[in-house]
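Contents: one structure, followed by commentary.
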Amino acid sequence: MAMMRSRIVILLGDANSKPVLDLFYKAAYSYTPANFEEALRGMHAIGCGHVANYIRTIPKGKWENAFFPVCRYGDHSSTLDESFNNWVLPFKKLLAFVLLDAIGLKVMEKISERRILGLETFNTWLTPEYEALLKENIDIGRTWTVVQSMEILYEVRWRVNGFPCAHACASIQATREDIYSFVETYFTTEWYNRTYQHIILPIPNYDKPKSYDPSDRVIVPIPVPPPGRRRKNRIKNAYEKQKRAMMCTKCFTLGHHNRTTCPMI
């Protein structure tokens with residue numbers, strides 16, 4: 001995704017740059033091949049067919065929803081490193097070995113906490129969060145009328161996240177099938193417990209040599225910090241930046257309107 005964005009950024013000086021970027025994001029987040037092709041046809045329609053042709057040369061399974069080879073389970077992020085950095089922020093100023101030990105201890109505590117949570121409190125086939133979501137979807141679709149296309153064929157697309165939406169729940173209930181058999185095992189309590197069943201042990205030191213040959217030592221270079229204050233936060237991309245709230249001079253409130261578009265009369 002980053003490589004593709006760097007190639008498309010060449011068009012920023014063009015009048016069509018904004019429509020092309022919008023169509024690119026539409027193509028990337030399309031859940032059906034038909035919608036993906038529709039976005040690329042839109043690029044041809046505004047005279048940017050070369051962008052669409054370039055996109056077609058890149059393996060789509062690595063960046064496009066409709067062609068992703070496995071289920072994403074509804075969660076994906078391009079800023080995972082930032083989330084991790086915020087999680088370990090209190091330890092970032094420690095020395096390298098102390099930092100690794102602190103991160104290992106934090107991960108070990110979190111895994112132990114969730115292991116105990118799953119074994120002692122989860123008593124349903126799905127985890128409590130998804131049991132509640134499944135019940136909510138069933139209740140939403142309970143009063144809907146389901147139109148059958150064939151004996152076991154219904155016109156519903158729901159396996160984007162591996163979890164049945166309200167439309168899928170209504171269709172499954174109409175067939176009197178076991179609705180749990182249509183849910184990916186990823187959402188089950190069993191898989192939750194299997195995720196946290198492994199134990200992180202401290203790094204052993206009993207088998208380390210007591211002395212080292214001076215010739216085997218690696219001389220660490222003296223780091224020279226760059227001028228200026230050290231940056232702590234990642235520089236966000238343009239599409240991640242939040243717009244600054246404006247002060248309306250008519251109602252004197254912060255928001256995304258000004259005196260001309262103020263809703264107050």
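The chains in the structure tokens are called A, B, ... from first to last as shown; in each chain the residues are counted from 1, and the ligands are counted from 1 in the order shown.
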Every residue of range 11-205 of chain A that DSSP places in helix (DSSP H, G or I), as a VMD selection string: chain A and resid 11 to 13 17 to 28 33 to 45 49 to 56 60 to 62 65 to 67 80 to 87 89 to 91 96 to 121 128 to 141 166 to 175 179 to 182 185 to 187 189 to 195
Could you write those residues out with C-alpha atoms, as an mmCIF file, in the first residue's frame?
```cif
data_model
loop_
_atom_site.group_PDB
_atom_site.id
_atom_site.type_symbol
_atom_site.label_atom_id
_atom_site.label_comp_id
_atom_site.auth_asym_id
_atom_site.auth_seq_id
_atom_site.Cartn_x
_atom_site.Cartn_y
_atom_site.Cartn_z
ATOM 1 C CA LEU A 11 -0.178 13.207 -9.560
ATOM 2 C CA LEU A 12 -0.718 15.652 -6.682
ATOM 3 C CA GLY A 13 -0.089 18.627 -8.939
ATOM 4 C CA SER A 17 -5.233 14.048 -8.174
ATOM 5 C CA LYS A 18 -8.058 14.183 -5.610
ATOM 6 C CA PRO A 19 -10.527 12.084 -7.691
ATOM 7 C CA VAL A 20 -7.778 9.547 -8.426
ATOM 8 C CA LEU A 21 -6.908 9.153 -4.743
ATOM 9 C CA ASP A 22 -10.594 8.794 -3.864
ATOM 10 C CA LEU A 23 -10.977 6.078 -6.520
ATOM 11 C CA PHE A 24 -7.808 4.378 -5.286
ATOM 12 C CA TYR A 25 -9.165 4.135 -1.740
ATOM 13 C CA LYS A 26 -12.490 2.936 -3.145
ATOM 14 C CA ALA A 27 -10.645 0.192 -5.043
ATOM 15 C CA ALA A 28 -8.543 -0.774 -2.008
ATOM 16 C CA PRO A 33 -14.314 -7.651 -7.551
ATOM 17 C CA ALA A 34 -17.131 -5.797 -9.352
ATOM 18 C CA ASN A 35 -16.706 -2.717 -7.149
ATOM 19 C CA PHE A 36 -12.939 -2.933 -7.595
ATOM 20 C CA GLU A 37 -13.288 -2.892 -11.382
ATOM 21 C CA GLU A 38 -15.804 -0.061 -11.158
ATOM 22 C CA ALA A 39 -13.238 2.087 -9.330
ATOM 23 C CA LEU A 40 -10.586 1.372 -11.981
ATOM 24 C CA ARG A 41 -13.048 2.201 -14.771
ATOM 25 C CA GLY A 42 -13.614 5.510 -13.019
ATOM 26 C CA MET A 43 -9.888 6.266 -13.344
ATOM 27 C CA HIS A 44 -10.090 5.641 -17.087
ATOM 28 C CA ALA A 45 -13.150 7.897 -17.290
ATOM 29 C CA GLY A 49 -6.059 5.145 -17.124
ATOM 30 C CA HIS A 50 -2.300 4.839 -16.668
ATOM 31 C CA VAL A 51 -2.851 4.744 -12.894
ATOM 32 C CA ALA A 52 -5.429 1.969 -13.262
ATOM 33 C CA ASN A 53 -3.076 0.032 -15.561
ATOM 34 C CA TYR A 54 -0.260 0.344 -13.014
ATOM 35 C CA ILE A 55 -2.545 -0.871 -10.193
ATOM 36 C CA ARG A 56 -3.466 -3.949 -12.225
ATOM 37 C CA LYS A 60 -4.050 -7.589 -5.341
ATOM 38 C CA GLY A 61 -4.009 -10.141 -2.532
ATOM 39 C CA LYS A 62 -1.663 -7.932 -0.485
ATOM 40 C CA ASN A 65 -10.114 -6.398 0.438
ATOM 41 C CA ALA A 66 -11.919 -8.387 -2.257
ATOM 42 C CA PHE A 67 -8.806 -10.390 -3.161
ATOM 43 C CA LEU A 80 0.055 -0.828 14.444
ATOM 44 C CA ASP A 81 3.550 0.441 15.198
ATOM 45 C CA GLU A 82 2.104 3.634 16.672
ATOM 46 C CA SER A 83 -0.247 1.659 18.915
ATOM 47 C CA PHE A 84 2.661 -0.455 20.149
ATOM 48 C CA ASN A 85 4.819 2.623 20.746
ATOM 49 C CA ASN A 86 2.088 4.193 22.865
ATOM 50 C CA TRP A 87 1.746 0.934 24.789
ATOM 51 C CA LEU A 89 5.879 4.625 25.984
ATOM 52 C CA PRO A 90 6.890 4.623 29.703
ATOM 53 C CA PHE A 91 9.865 2.354 28.914
ATOM 54 C CA ALA A 96 18.221 -1.465 25.451
ATOM 55 C CA PHE A 97 18.450 -4.559 27.686
ATOM 56 C CA VAL A 98 16.208 -3.021 30.349
ATOM 57 C CA LEU A 99 13.747 -1.976 27.633
ATOM 58 C CA LEU A 100 13.511 -5.520 26.259
ATOM 59 C CA ASP A 101 13.039 -6.924 29.738
ATOM 60 C CA ALA A 102 10.304 -4.383 30.531
ATOM 61 C CA ILE A 103 8.460 -5.129 27.267
ATOM 62 C CA GLY A 104 8.735 -8.891 27.879
ATOM 63 C CA LEU A 105 7.348 -8.463 31.388
ATOM 64 C CA LYS A 106 4.444 -6.323 30.131
ATOM 65 C CA VAL A 107 3.539 -8.874 27.435
ATOM 66 C CA MET A 108 3.823 -11.721 29.955
ATOM 67 C CA GLU A 109 1.448 -9.962 32.366
ATOM 68 C CA LYS A 110 -1.081 -9.213 29.622
ATOM 69 C CA ILE A 111 -1.089 -12.808 28.351
ATOM 70 C CA SER A 112 -1.492 -14.164 31.891
ATOM 71 C CA GLU A 113 -4.339 -11.724 32.578
ATOM 72 C CA ARG A 114 -6.243 -12.740 29.436
ATOM 73 C CA ARG A 115 -5.564 -16.447 29.971
ATOM 74 C CA ILE A 116 -7.172 -16.263 33.415
ATOM 75 C CA LEU A 117 -10.041 -14.161 32.041
ATOM 76 C CA GLY A 118 -10.852 -16.714 29.331
ATOM 77 C CA LEU A 119 -10.551 -19.814 31.517
ATOM 78 C CA GLU A 120 -12.456 -18.489 34.531
ATOM 79 C CA THR A 121 -15.145 -16.186 33.112
ATOM 80 C CA PRO A 128 -18.978 -12.807 25.450
ATOM 81 C CA GLU A 129 -18.453 -9.842 23.123
ATOM 82 C CA TYR A 130 -19.410 -11.834 20.031
ATOM 83 C CA GLU A 131 -22.189 -13.766 21.770
ATOM 84 C CA ALA A 132 -23.793 -10.384 22.468
ATOM 85 C CA LEU A 133 -23.188 -9.239 18.875
ATOM 86 C CA LEU A 134 -24.702 -12.427 17.445
ATOM 87 C CA LYS A 135 -27.796 -12.041 19.639
ATOM 88 C CA GLU A 136 -28.119 -8.409 18.557
ATOM 89 C CA ASN A 137 -27.937 -9.355 14.857
ATOM 90 C CA ILE A 138 -30.521 -12.112 15.346
ATOM 91 C CA ASP A 139 -32.877 -9.689 17.110
ATOM 92 C CA ILE A 140 -32.465 -7.081 14.352
ATOM 93 C CA GLY A 141 -33.363 -9.532 11.577
ATOM 94 C CA ALA A 166 -28.201 -9.240 10.597
ATOM 95 C CA HIS A 167 -29.172 -10.163 7.005
ATOM 96 C CA ALA A 168 -27.214 -13.411 7.184
ATOM 97 C CA CYS A 169 -28.700 -14.235 10.598
ATOM 98 C CA ALA A 170 -32.222 -13.799 9.213
ATOM 99 C CA SER A 171 -31.432 -16.094 6.272
ATOM 100 C CA ILE A 172 -29.802 -18.754 8.471
ATOM 101 C CA GLN A 173 -32.717 -18.690 10.904
ATOM 102 C CA ALA A 174 -35.101 -19.215 7.959
ATOM 103 C CA THR A 175 -33.249 -22.421 6.994
ATOM 104 C CA ILE A 179 -26.195 -20.471 13.291
ATOM 105 C CA TYR A 180 -22.960 -21.199 15.185
ATOM 106 C CA SER A 181 -21.751 -23.391 12.325
ATOM 107 C CA PHE A 182 -21.630 -20.257 10.139
ATOM 108 C CA THR A 185 -13.759 -20.439 14.801
ATOM 109 C CA TYR A 186 -11.657 -17.309 15.348
ATOM 110 C CA PHE A 187 -14.501 -15.858 17.446
ATOM 111 C CA THR A 189 -13.849 -19.085 23.383
ATOM 112 C CA GLU A 190 -11.711 -22.115 22.551
ATOM 113 C CA TRP A 191 -9.582 -20.136 20.107
ATOM 114 C CA TYR A 192 -9.370 -17.231 22.527
ATOM 115 C CA ASN A 193 -7.935 -19.551 25.156
ATOM 116 C CA ARG A 194 -5.572 -21.161 22.627
ATOM 117 C CA THR A 195 -4.227 -17.721 21.737
#
```
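Taking CA of Val70 in chain A as the reference point, CA of Leu126 in chain A is found at 20.4 Å.
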Show which residues sit within 9 Å of Gly74 in chain A, as number ranges by chain. Count only C-alpha atoms, and ignore same-chain residues fewer than 2 positions away. A: 71-72, 76, 160-163
